[in-house]
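J.: Here you go, this is final-v6.cif (mmCIF, C-alpha atoms).
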```cif
data_start
#
loop_
_atom_site.label_atom_id
_atom_site.label_comp_id
_atom_site.auth_asym_id
_atom_site.auth_seq_id
_atom_site.Cartn_x
_atom_site.Cartn_y
_atom_site.Cartn_z
CA MET B 1 -7.51 6.89 -18.56
CA THR B 2 -8.68 4.35 -21.15
CA ASP B 3 -9.71 4.33 -24.80
CA HIS B 4 -13.09 5.80 -23.81
CA ASP B 5 -11.36 8.76 -22.12
CA THR B 6 -9.20 10.59 -24.66
CA ARG B 7 -9.49 14.09 -23.33
CA ALA B 8 -6.31 15.99 -22.48
CA SER B 9 -5.12 14.82 -19.09
CA ALA B 10 -2.58 17.48 -18.20
CA PRO B 11 -1.44 20.90 -19.31
CA ALA B 12 0.87 21.02 -22.29
CA SER B 13 3.70 22.26 -20.13
CA THR B 14 4.38 22.30 -16.43
CA ASP B 15 7.63 23.56 -15.03
CA LEU B 16 10.00 21.01 -13.55
CA ARG B 17 9.79 22.41 -10.04
CA SER B 18 6.01 22.11 -9.94
CA ARG B 19 6.13 18.53 -11.25
CA ARG B 20 8.64 17.59 -8.58
CA LYS B 21 6.47 19.16 -5.89
CA VAL B 22 3.46 17.17 -7.12
CA ILE B 23 5.42 13.92 -7.06
CA MET B 24 6.90 14.71 -3.65
CA SER B 25 3.52 15.56 -2.12
CA ALA B 26 1.99 12.30 -3.36
CA MET B 27 4.94 10.14 -2.38
CA LEU B 28 5.22 11.66 1.10
CA GLY B 29 1.65 10.65 1.84
CA ASN B 30 2.48 7.09 0.80
CA VAL B 31 5.48 7.18 3.11
CA VAL B 32 3.28 8.19 6.04
CA GLU B 33 0.64 5.56 5.20
CA TYR B 34 3.11 2.71 4.94
CA TYR B 35 5.09 3.92 7.92
CA ASP B 36 1.92 3.71 9.99
CA PHE B 37 0.92 0.27 8.78
CA GLY B 38 4.45 -1.08 8.55
CA LEU B 39 5.07 -0.09 12.14
CA TYR B 40 2.09 -2.09 13.36
CA GLY B 41 3.27 -5.19 11.52
CA THR B 42 6.91 -4.75 12.51
CA LEU B 43 6.03 -4.45 16.20
CA ALA B 44 3.13 -6.95 16.12
CA VAL B 45 4.77 -9.30 18.61
CA ILE B 46 5.41 -6.43 21.04
CA ILE B 47 1.93 -4.95 20.56
CA SER B 48 0.37 -8.34 21.33
CA ARG B 49 2.16 -8.31 24.71
CA GLN B 50 1.12 -4.75 25.55
CA PHE B 51 -2.57 -4.72 24.67
CA PHE B 52 -3.83 -8.28 25.14
CA PRO B 53 -4.01 -10.62 28.16
CA GLU B 54 -0.99 -12.74 29.00
CA GLY B 55 -1.06 -16.53 29.00
CA ASN B 56 -1.58 -17.46 25.35
CA ALA B 57 0.97 -15.90 23.00
CA THR B 58 -0.64 -17.36 19.86
CA ALA B 59 -4.09 -16.03 20.81
CA ALA B 60 -2.62 -12.58 21.52
CA LEU B 61 -0.80 -12.54 18.20
CA LEU B 62 -3.93 -13.66 16.36
CA SER B 63 -5.85 -10.86 18.08
CA THR B 64 -3.19 -8.38 16.97
CA TYR B 65 -3.50 -9.51 13.35
CA ALA B 66 -7.28 -9.41 13.71
CA GLY B 67 -6.76 -5.68 14.20
CA VAL B 68 -5.11 -5.61 10.78
CA VAL B 69 -8.09 -7.42 9.26
CA LEU B 70 -10.61 -5.12 10.96
CA SER B 71 -8.90 -1.94 9.81
CA TYR B 72 -8.86 -3.25 6.26
CA ALA B 73 -12.37 -4.69 6.40
CA LEU B 74 -13.63 -1.14 6.87
CA ARG B 75 -11.49 0.26 4.05
CA PRO B 76 -13.94 -0.57 1.23
CA LEU B 77 -16.67 1.18 3.22
CA ALA B 78 -14.44 4.21 3.72
CA ALA B 79 -13.58 4.10 0.01
CA ILE B 80 -17.28 4.31 -0.84
CA VAL B 81 -17.32 7.71 0.91
CA LEU B 82 -13.85 9.11 0.26
CA GLY B 83 -13.45 7.90 -3.33
CA PRO B 84 -16.49 9.82 -4.60
CA LEU B 85 -15.42 12.76 -2.43
CA ALA B 86 -12.17 12.91 -4.42
CA ASP B 87 -14.19 12.85 -7.66
CA ILE B 88 -16.49 15.64 -6.47
CA LYS B 89 -14.45 17.83 -4.07
CA GLY B 90 -11.01 17.21 -5.52
CA ARG B 91 -7.96 14.95 -5.26
CA ARG B 92 -6.01 17.49 -3.20
CA PHE B 93 -8.81 17.93 -0.66
CA VAL B 94 -8.96 14.21 0.05
CA LEU B 95 -5.18 13.85 0.18
CA LEU B 96 -5.05 16.45 2.97
CA LEU B 97 -7.81 14.62 4.83
CA THR B 98 -6.28 11.16 4.57
CA ILE B 99 -2.84 12.03 5.89
CA ALA B 100 -4.37 13.77 8.92
CA VAL B 101 -6.70 10.90 9.83
CA MET B 102 -4.01 8.24 9.41
CA SER B 103 -1.60 10.03 11.68
CA VAL B 104 -4.18 10.58 14.44
CA GLY B 105 -4.68 6.81 14.55
CA THR B 106 -0.97 6.08 14.70
CA ALA B 107 -0.21 8.69 17.36
CA GLY B 108 -3.16 7.31 19.32
CA ILE B 109 -1.49 3.91 19.55
CA GLY B 110 1.65 5.58 20.86
CA LEU B 111 -0.35 7.30 23.63
CA LEU B 112 -2.61 4.38 24.53
CA PRO B 113 -2.37 2.83 28.02
CA THR B 114 -1.62 -0.90 28.06
CA TYR B 115 -3.85 -3.83 29.03
CA ALA B 116 -2.16 -3.95 32.42
CA ALA B 117 -3.24 -0.34 33.04
CA ILE B 118 -6.82 -0.20 31.76
CA GLY B 119 -7.79 -3.80 31.03
CA ILE B 120 -10.18 -4.66 28.20
CA ALA B 121 -10.44 -1.01 27.17
CA ALA B 122 -6.88 -1.22 25.81
CA PRO B 123 -7.54 -3.63 22.91
CA MET B 124 -10.84 -1.87 22.18
CA ILE B 125 -9.18 1.53 21.83
CA LEU B 126 -6.34 -0.10 19.87
CA LEU B 127 -8.85 -1.39 17.36
CA PHE B 128 -10.42 2.07 17.14
CA CYS B 129 -7.00 3.54 16.32
CA ARG B 130 -6.58 0.88 13.66
CA VAL B 131 -9.96 1.85 12.22
CA LEU B 132 -8.82 5.47 11.96
CA GLN B 133 -5.66 4.32 10.17
CA GLY B 134 -7.75 2.23 7.81
CA ILE B 135 -10.16 5.06 7.02
CA GLY B 136 -7.32 7.46 6.27
CA ALA B 137 -5.40 4.94 4.19
CA SER B 138 -8.42 3.69 2.26
CA VAL B 139 -7.93 6.09 -0.65
CA GLU B 140 -4.46 7.49 0.06
CA TYR B 141 -2.45 5.31 -2.32
CA THR B 142 -4.79 5.36 -5.31
CA THR B 143 -5.61 9.07 -4.98
CA ALA B 144 -1.92 9.93 -4.66
CA ALA B 145 -1.11 7.92 -7.79
CA ASN B 146 -4.03 9.54 -9.58
CA PHE B 147 -2.73 12.95 -8.49
CA ILE B 148 0.61 12.22 -10.16
CA PHE B 149 -0.91 10.76 -13.33
CA GLU B 150 -3.27 13.69 -13.88
CA HIS B 151 -0.47 16.23 -13.51
CA GLU B 152 1.71 14.48 -16.09
CA ARG B 153 1.53 13.40 -19.70
CA GLY B 154 3.74 11.43 -22.06
CA ASN B 155 4.76 7.80 -22.25
CA ARG B 156 6.16 7.27 -18.76
CA ARG B 157 3.00 6.27 -16.91
CA ASN B 158 4.41 3.05 -15.45
CA TYR B 159 7.64 4.76 -14.45
CA LEU B 160 5.63 7.27 -12.42
CA ALA B 161 3.68 4.38 -10.94
CA GLY B 162 7.04 2.84 -10.04
CA LEU B 163 7.88 5.96 -8.05
CA SER B 164 4.64 5.53 -6.11
CA VAL B 165 5.49 1.91 -5.39
CA ALA B 166 9.02 2.92 -4.37
CA SER B 167 7.62 5.34 -1.80
CA THR B 168 5.69 2.48 -0.19
CA SER B 169 9.04 0.91 0.69
CA VAL B 170 10.36 4.11 2.24
CA GLY B 171 7.60 4.19 4.88
CA PRO B 172 8.19 0.67 6.22
CA LEU B 173 11.94 1.25 5.87
CA LEU B 174 11.66 4.21 8.25
CA ALA B 175 9.36 2.22 10.54
CA THR B 176 11.76 -0.70 10.70
CA LEU B 177 14.85 1.50 11.00
CA VAL B 178 13.36 3.51 13.85
CA SER B 179 12.21 0.32 15.60
CA TYR B 180 15.60 -1.31 15.12
CA LEU B 181 17.47 1.71 16.45
CA VAL B 182 15.19 2.08 19.47
CA ILE B 183 15.45 -1.63 20.31
CA SER B 184 19.21 -1.59 19.84
CA VAL B 185 20.01 1.46 21.99
CA MET B 186 17.50 0.95 24.79
CA PRO B 187 17.61 -1.63 27.58
CA ALA B 188 15.06 -4.37 26.90
CA GLN B 189 12.99 -3.50 29.96
CA ALA B 190 12.83 0.20 29.09
CA PHE B 191 11.76 -0.61 25.53
CA ASN B 192 8.99 -2.92 26.75
CA ASP B 193 7.86 -0.36 29.34
CA TRP B 194 7.71 2.76 27.17
CA GLY B 195 10.30 2.80 24.38
CA TRP B 196 8.00 1.04 21.90
CA ARG B 197 5.86 4.21 21.89
CA ILE B 198 8.56 6.36 20.29
CA PRO B 199 8.16 5.07 16.69
CA PHE B 200 4.39 5.64 16.82
CA LEU B 201 4.70 9.21 18.08
CA LEU B 202 7.17 10.11 15.34
CA SER B 203 4.28 9.93 12.87
CA ILE B 204 3.16 13.35 14.14
CA PRO B 205 6.02 15.46 12.68
CA MET B 206 5.98 13.36 9.50
CA ALA B 207 2.29 14.13 9.00
CA LEU B 208 2.77 17.85 9.62
CA VAL B 209 5.42 18.02 6.90
CA GLY B 210 3.14 16.13 4.51
CA ILE B 211 0.18 18.40 5.19
CA TYR B 212 2.32 21.50 4.66
CA ILE B 213 3.55 20.30 1.26
CA ARG B 214 0.10 19.20 0.10
CA ARG B 215 -1.40 22.56 1.02
CA HIS B 216 1.03 24.19 -1.41
CA VAL B 217 0.34 22.15 -4.55
CA GLU B 218 -2.33 22.82 -7.16
CA GLU B 219 -5.33 20.63 -7.85
CA THR B 220 -4.92 18.49 -10.97
CA PRO B 221 -5.75 20.25 -14.28
CA GLN B 222 -7.95 17.35 -15.34
CA PHE B 223 -10.09 17.54 -12.21
CA LYS B 224 -10.45 21.32 -12.63
CA GLU B 225 -11.64 20.82 -16.21
CA MET B 226 -14.03 18.08 -15.17
CA ALA B 227 -15.46 20.16 -12.30
CA GLU B 228 -15.97 23.18 -14.55
CA LEU B 229 -17.84 21.12 -17.13
CA ALA B 230 -20.06 19.59 -14.43
CA GLU B 231 -20.84 23.07 -13.08
CA GLN B 232 -21.58 24.53 -16.52
CA ASN B 233 -23.82 21.65 -17.54
CA LYS B 234 -25.48 21.40 -14.11
CA VAL B 235 -24.69 17.69 -14.04
CA LYS B 236 -25.37 15.81 -10.81
CA GLN B 237 -22.25 13.76 -10.15
CA THR B 238 -22.77 10.15 -9.04
CA PRO B 239 -19.27 8.68 -9.41
CA PHE B 240 -19.72 5.66 -7.14
CA ARG B 241 -22.95 4.51 -8.76
CA THR B 242 -21.50 4.99 -12.24
CA ALA B 243 -18.31 3.14 -11.32
CA VAL B 244 -20.20 0.10 -10.01
CA ARG B 245 -22.73 -0.02 -12.83
CA GLU B 246 -20.46 0.62 -15.79
CA HIS B 247 -16.95 -0.39 -14.75
CA TRP B 248 -17.31 -3.48 -12.55
CA GLY B 249 -15.58 -5.66 -15.15
CA ALA B 250 -12.49 -3.46 -15.20
CA MET B 251 -12.45 -3.47 -11.40
CA LEU B 252 -12.53 -7.28 -11.30
CA ARG B 253 -9.64 -7.49 -13.79
CA ALA B 254 -7.58 -5.08 -11.69
CA ILE B 255 -8.29 -7.08 -8.51
CA GLY B 256 -7.31 -10.36 -10.16
CA LEU B 257 -4.17 -8.88 -11.71
CA GLY B 258 -2.96 -7.57 -8.34
CA ALA B 259 -4.05 -10.52 -6.17
CA GLY B 260 -0.66 -12.18 -5.77
CA GLN B 261 1.13 -8.92 -5.06
CA ARG B 262 -1.51 -7.90 -2.51
CA VAL B 263 -0.74 -11.03 -0.51
CA GLY B 264 3.01 -10.58 -0.96
CA SER B 265 2.94 -6.96 0.20
CA PHE B 266 1.30 -7.79 3.48
CA VAL B 267 3.56 -10.75 4.09
CA ILE B 268 6.47 -8.32 3.85
CA GLN B 269 4.83 -5.61 5.94
CA ALA B 270 3.10 -7.67 8.59
CA TYR B 271 4.47 -11.19 8.80
CA PHE B 272 8.16 -11.67 7.95
CA VAL B 273 9.37 -10.26 11.27
CA THR B 274 6.88 -12.45 13.16
CA ALA B 275 7.82 -15.54 11.12
CA MET B 276 11.52 -15.06 11.83
CA VAL B 277 10.95 -14.50 15.55
CA LYS B 278 8.79 -17.63 15.74
CA ALA B 279 11.53 -19.50 13.86
CA GLY B 280 13.95 -18.68 16.67
CA PHE B 281 15.80 -15.62 15.39
CA ALA B 282 16.42 -12.70 17.73
CA GLU B 283 14.05 -9.75 17.30
CA ASN B 284 16.85 -7.38 16.29
CA ASN B 285 18.02 -9.82 13.57
CA ALA B 286 14.46 -10.16 12.28
CA LEU B 287 14.11 -6.38 12.16
CA LEU B 288 17.46 -6.11 10.36
CA ALA B 289 16.24 -8.54 7.68
CA SER B 290 13.07 -6.47 7.33
CA LEU B 291 15.18 -3.33 7.06
CA LEU B 292 17.11 -4.79 4.13
CA THR B 293 13.93 -5.72 2.28
CA TYR B 294 12.68 -2.14 2.37
CA ALA B 295 16.09 -0.71 1.51
CA ILE B 296 16.16 -2.56 -1.82
CA GLY B 297 12.42 -2.08 -2.47
CA PRO B 298 12.55 1.12 -4.58
CA ILE B 299 15.04 -0.34 -7.09
CA PRO B 300 12.84 -3.10 -8.58
CA ALA B 301 9.74 -0.86 -8.39
CA ILE B 302 11.28 1.78 -10.65
CA TRP B 303 12.97 -0.82 -12.88
CA GLY B 304 9.71 -2.70 -13.38
CA GLY B 305 7.96 0.54 -14.32
CA LYS B 306 10.58 1.45 -16.90
CA LEU B 307 10.44 -2.04 -18.42
CA ALA B 308 6.65 -1.87 -18.63
CA ASP B 309 6.79 1.48 -20.46
CA LYS B 310 9.44 0.24 -22.89
CA HIS B 311 8.47 -3.38 -23.56
CA GLY B 312 4.90 -3.69 -22.29
CA ALA B 313 3.51 -4.56 -18.88
CA ARG B 314 2.89 -8.23 -19.56
CA ILE B 315 6.62 -9.04 -19.42
CA PRO B 316 7.38 -7.85 -15.85
CA LEU B 317 4.05 -9.20 -14.60
CA VAL B 318 4.38 -12.72 -16.00
CA VAL B 319 8.07 -12.96 -15.10
CA GLY B 320 7.50 -11.63 -11.57
CA TYR B 321 4.51 -13.79 -10.79
CA GLY B 322 6.23 -16.78 -12.38
CA LEU B 323 9.14 -16.34 -9.99
CA PHE B 324 6.69 -16.15 -7.09
CA VAL B 325 5.14 -19.46 -8.14
CA VAL B 326 8.57 -21.09 -8.15
CA LEU B 327 10.13 -19.42 -5.11
CA THR B 328 7.40 -18.65 -2.55
CA VAL B 329 7.42 -22.04 -0.83
CA PRO B 330 11.25 -22.16 -0.74
CA THR B 331 11.19 -18.66 0.81
CA PHE B 332 9.19 -19.87 3.80
CA LEU B 333 11.24 -23.04 4.08
CA ALA B 334 14.36 -20.87 4.21
CA ILE B 335 12.90 -18.85 7.09
CA GLY B 336 12.44 -22.07 9.05
CA SER B 337 15.86 -23.44 8.17
CA GLY B 338 17.63 -21.91 11.18
CA SER B 339 20.15 -20.14 8.96
CA LEU B 340 20.00 -16.37 9.36
CA TRP B 341 21.90 -15.79 6.12
CA LEU B 342 19.54 -18.02 4.12
CA ALA B 343 16.45 -16.44 5.70
CA VAL B 344 17.66 -12.90 4.92
CA VAL B 345 18.46 -13.74 1.30
CA ALA B 346 15.04 -15.33 0.91
CA VAL B 347 13.03 -12.39 2.26
CA VAL B 348 15.07 -9.85 0.27
CA ALA B 349 14.54 -11.81 -2.97
CA PHE B 350 10.84 -12.10 -2.17
CA THR B 351 10.60 -8.32 -1.74
CA PHE B 352 12.49 -7.69 -4.99
CA ILE B 353 9.95 -9.75 -6.93
CA ASN B 354 6.98 -8.18 -5.17
CA ASN B 355 8.03 -4.63 -5.99
CA PHE B 356 9.10 -5.52 -9.54
CA VAL B 357 5.47 -6.12 -10.53
CA GLY B 358 4.09 -3.15 -8.58
CA ALA B 359 4.23 -0.36 -11.18
CA PRO B 360 1.95 -1.80 -13.88
CA LEU B 361 -0.43 -2.95 -11.16
CA THR B 362 -0.72 0.61 -9.84
CA THR B 363 -1.44 1.85 -13.34
CA ALA B 364 -4.15 -0.77 -13.72
CA TYR B 365 -5.73 0.07 -10.36
CA VAL B 366 -6.03 3.76 -11.17
CA MET B 367 -6.01 4.43 -14.91
CA SER B 368 -8.44 1.75 -16.05
CA PHE B 369 -11.27 4.25 -15.48
CA PRO B 370 -12.39 7.61 -16.91
CA ALA B 371 -11.59 10.73 -14.90
CA GLU B 372 -15.13 11.36 -13.65
CA VAL B 373 -15.19 8.07 -11.70
CA ARG B 374 -11.48 7.37 -11.39
CA ALA B 375 -11.04 8.04 -7.68
CA SER B 376 -14.19 6.07 -6.81
CA ALA B 377 -13.42 3.05 -8.99
CA SER B 378 -9.72 2.89 -8.15
CA ALA B 379 -10.32 3.17 -4.41
CA LEU B 380 -12.99 0.49 -4.53
CA ASN B 381 -11.08 -2.11 -6.55
CA TYR B 382 -7.85 -1.50 -4.65
CA ASN B 383 -9.47 -1.78 -1.24
CA ILE B 384 -11.56 -4.83 -2.03
CA GLY B 385 -8.45 -6.66 -3.22
CA THR B 386 -6.38 -5.39 -0.33
CA THR B 387 -8.99 -6.30 2.27
CA ALA B 388 -9.96 -9.73 0.94
CA LEU B 389 -6.47 -10.90 0.06
CA GLY B 390 -3.85 -8.64 1.62
CA SER B 391 -5.17 -7.90 5.07
CA THR B 392 -5.95 -11.55 5.79
CA ALA B 393 -2.45 -12.74 4.85
CA GLY B 394 -0.90 -12.39 8.31
CA LEU B 395 -3.89 -13.99 10.02
CA ILE B 396 -3.94 -16.93 7.59
CA ALA B 397 -0.17 -17.34 7.93
CA VAL B 398 -0.34 -17.54 11.73
CA TRP B 399 -3.30 -19.94 11.58
CA LEU B 400 -1.63 -22.24 9.03
CA PHE B 401 1.61 -22.26 11.01
CA ASP B 402 -0.23 -23.16 14.19
CA LEU B 403 -2.11 -25.88 12.29
CA THR B 404 0.83 -27.41 10.40
CA GLY B 405 3.96 -26.28 12.26
CA THR B 406 5.51 -24.91 9.06
CA ASN B 407 5.30 -21.67 7.10
CA ALA B 408 5.45 -23.67 3.86
CA ALA B 409 1.67 -24.18 4.09
CA PHE B 410 1.12 -20.46 3.66
CA GLY B 411 3.65 -20.50 0.82
CA TRP B 412 1.39 -22.90 -1.11
CA TYR B 413 -1.59 -20.64 -0.43
CA MET B 414 0.19 -17.64 -1.94
CA THR B 415 1.48 -19.70 -4.88
CA ALA B 416 -2.08 -20.56 -5.90
CA ILE B 417 -3.12 -16.90 -5.79
CA CYS B 418 -0.12 -15.87 -7.91
CA ALA B 419 -1.15 -18.43 -10.52
CA VAL B 420 -4.50 -16.64 -10.82
CA SER B 421 -2.73 -13.31 -11.38
CA ILE B 422 -0.62 -14.86 -14.15
CA LEU B 423 -3.77 -15.97 -15.95
CA VAL B 424 -5.21 -12.45 -15.75
CA ALA B 425 -1.95 -10.96 -17.05
CA LEU B 426 -1.98 -13.37 -19.99
CA PHE B 427 -5.64 -13.23 -20.96
CA ALA B 428 -7.34 -10.21 -19.37
CA MET B 429 -4.74 -7.45 -19.10
CA PRO B 430 -6.36 -4.04 -18.45
CA ALA B 431 -5.82 -1.94 -21.57
CA ALA B 432 -4.81 1.19 -19.66
CA VAL B 433 -1.52 -0.35 -18.52
CA ASP B 434 -0.01 -0.23 -22.02
CA GLU B 435 -2.16 2.53 -23.50
CA GLN B 436 0.50 5.24 -23.66
CA ARG B 437 3.08 2.83 -25.06
CA ARG B 438 0.70 1.82 -27.87
CA LYS B 439 -0.03 5.44 -28.69
CA SER B 440 3.66 6.30 -28.81
CA MET B 441 4.37 3.37 -31.10
CA ALA B 442 1.49 4.40 -33.40
CA GLU B 443 2.71 7.99 -33.58
CA ALA B 444 6.23 6.82 -34.37
#
```
Can you turn what I pasted into structure tokens?

T.:
Amino acid sequence: MTDHDTRASAPASTDLRSRRKVIMSAMLGNVVEYYDFGLYGTLAVIISRQFFPEGNATAALLSTYAGVVLSYALRPLAAIVLGPLADIKGRRFVLLLTIAVMSVGTAGIGLLPTYAAIGIAAPMILLFCRVLQGIGASVEYTTAANFIFEHERGNRRNYLAGLSVASTSVGPLLATLVSYLVISVMPAQAFNDWGWRIPFLLSIPMALVGIYIRRHVEETPQFKEMAELAEQNKVKQTPFRTAVREHWGAMLRAIGLGAGQRVGSFVIQAYFVTAMVKAGFAENNALLASLLTYAIGPIPAIWGGKLADKHGARIPLVVGYGLFVVLTVPTFLAIGSGSLWLAVVAVVAFTFINNFVGAPLTTAYVMSFPAEVRASASALNYNIGTTALGSTAGLIAVWLFDLTGTNAAFGWYMTAICAVSILVALFAMPAAVDEQRRKSMAEA
């Protein structure tokens, strides 16, 4: 919601239990989404062995990360369909759809025969499963955040965004924890033969719980009001066209503001484990380091949101991105140092910074647009940034490592992108991020 959208965004009062159910339903979907995608990144090395020909480990790993790129390359296209659907049919309707589609893709990977069993069909079906994950996830995060925002009012917008960001750590935390436990308790041969399937199949009960909860929450009051007005006035809704024509500038600012964090998020989700394994650390130690990053993830996410609501979003954004500029290259050098302790400290610190800036970014992605186009515009800007910058991170990291022999090369790549995000935070901050804070200060 921006200055051009001053209509009431939520009912004057909503009981505490209902608000908690709304937040839980939105966050649980994020958990499922990031469990699904975090699992693929966490087990990328193992997946490359199962579904691609033997003989060239680098080529197999690149092919595995190409699956990440493909699933995200289709996300903007899916957002063009599902974003407007959320503006026309409702946020709740789309949230039920996304969690179901995502989980079908993940369970499909867990049931898929390997390359040794069915040959070239294995990587082809794997990519199809990734496409299903990408379609389901294309609007999950932004629609879930929108669902929370439109059920709430007051001056805690970035705090609520922080809760959304926190839930994105819970999913990969579960993915890494399950993978770590399965690897630790099973003989290596049994895990390679069939045990790796267990984490993927566990997405089924998680999705069923999420669907049950989402079926029992109300549609947002703001969407109901908007739909009633459109029906009364016989207005033909064209949210995607309106978003592109009238709000492209706000979308570009949101993409630039989140660019550095988009890269950082996918480094955490899809590359740190691979980087540590390639640096010589045992797979269980690499998974343990990943587990620690997700365990601390919710703390900086919520803290950053509270700071943004109290002192303004520019402070956590400039400080966080500034730390990335200084520390990203040393992080990758630490991974290659051979010291497990140093590598773990580096990846945990990296994750802390990445989540610290997440809350105001989420607010910018979603609330920079009026309600009638909000799902369309937020899904489009979020997925373009995620696809162009985030999904390619693992692929670029592997390519640069193979080219230079060091992960520091990718560190310089990310540093340059973070510098761009600092400039946007300083000179082109989306107004919606601090809108409620300014209103509260004016009323006081």

J.: Under the PyMOL selection byres ((chain B and resi 112) around 12), which residues of this model are included? Write them out as a PyMOL selection string.

T.: chain B and resi 47+50-51+104-111+113-119+121-129+194+196-197+200-201

J.: Pick the closest to Met429 in chain B from B:Leu74, B:Val139, B:Ala254, B:Val101: which is it, counting only C-alpha atoms?

T.: B:Ala254

J.: Considering all atoms listed in the file, give me a table of residues in range 354-381 of chain B that are at most 6 Å from range 301-321 of chain B, with the closest atom pair and distance in Å for each, as a tab-separated table.

T.:
```
residue	atom	partner	partner_atom	distance
B:Asn355	CA	B:Ala301	CA	4.8
B:Phe356	CA	B:Gly304	CA	4.8
B:Val357	CA	B:Leu317	CA	5.3
B:Ala359	CA	B:Gly305	CA	5.0
B:Pro360	CA	B:Ala313	CA	5.9
```

J.: Which residues are near Gly171 in chain B? Cut-off 10 Å, all atoms listed in the file, ignore same chain within fewer than 3 positions. Put them as a PyMOL selection string.

T.: chain B and resi 27-39+166-168+174-177+294

J.: With 3 Å added on each side, what axis-aligned box encloses every listed atom of range 382-394 of chain B? Give the centre and edge lengths in Å to one decimal, as lines of an AutoDock Vina configuration file.

T.:
```
center_x = -6.2
center_y = -7.1
center_z = 1.8
size_x = 16.7
size_y = 17.2
size_z = 19.0
```

J.: Output the residue selection produced by the PyMOL selection byres ((chain B and resi 182) around 9) on the file above, formatted as a list in words.

T.: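 Evaluating the PyMOL selection byres ((chain B and resi 182) around 9) on this file yields Leu177, Val178, Ser179, Tyr180, Leu181, Ile183, Ser184, Val185, Met186, Phe191, Gly195, Trp196, Ile198 and Pro199 of chain B.
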
J.: Now that the selection is made, can you save its residues with C-alpha atoms as a CSV table (one decimal), keeping the file's coordinate frame?

T.:
```
chain,number,residue,atom,x,y,z
B,177,LEU,CA,14.8,1.5,11.0
B,178,VAL,CA,13.4,3.5,13.8
B,179,SER,CA,12.2,0.3,15.6
B,180,TYR,CA,15.6,-1.3,15.1
B,181,LEU,CA,17.5,1.7,16.4
B,183,ILE,CA,15.4,-1.6,20.3
B,184,SER,CA,19.2,-1.6,19.8
B,185,VAL,CA,20.0,1.5,22.0
B,186,MET,CA,17.5,1.0,24.8
B,191,PHE,CA,11.8,-0.6,25.5
B,195,GLY,CA,10.3,2.8,24.4
B,196,TRP,CA,8.0,1.0,21.9
B,198,ILE,CA,8.6,6.4,20.3
B,199,PRO,CA,8.2,5.1,16.7
```

J.: Quick one: distance from CA of Ala428 in chain B to CA of Asn354 in chain B in Å, one decimal?

T.: 20.3 Å

J.: Which value, in Å to one decimal, gives the distance between CA of Val420 in chain B and CA of Phe324 in chain B?

T.: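 CA of Phe324 in chain B lies 11.8 Å from CA of Val420 in chain B.
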
J.: Just how far from CA of Ala79 in chain B is CA of Glu246 in chain B, in Å to one decimal?

T.: 17.6 Å
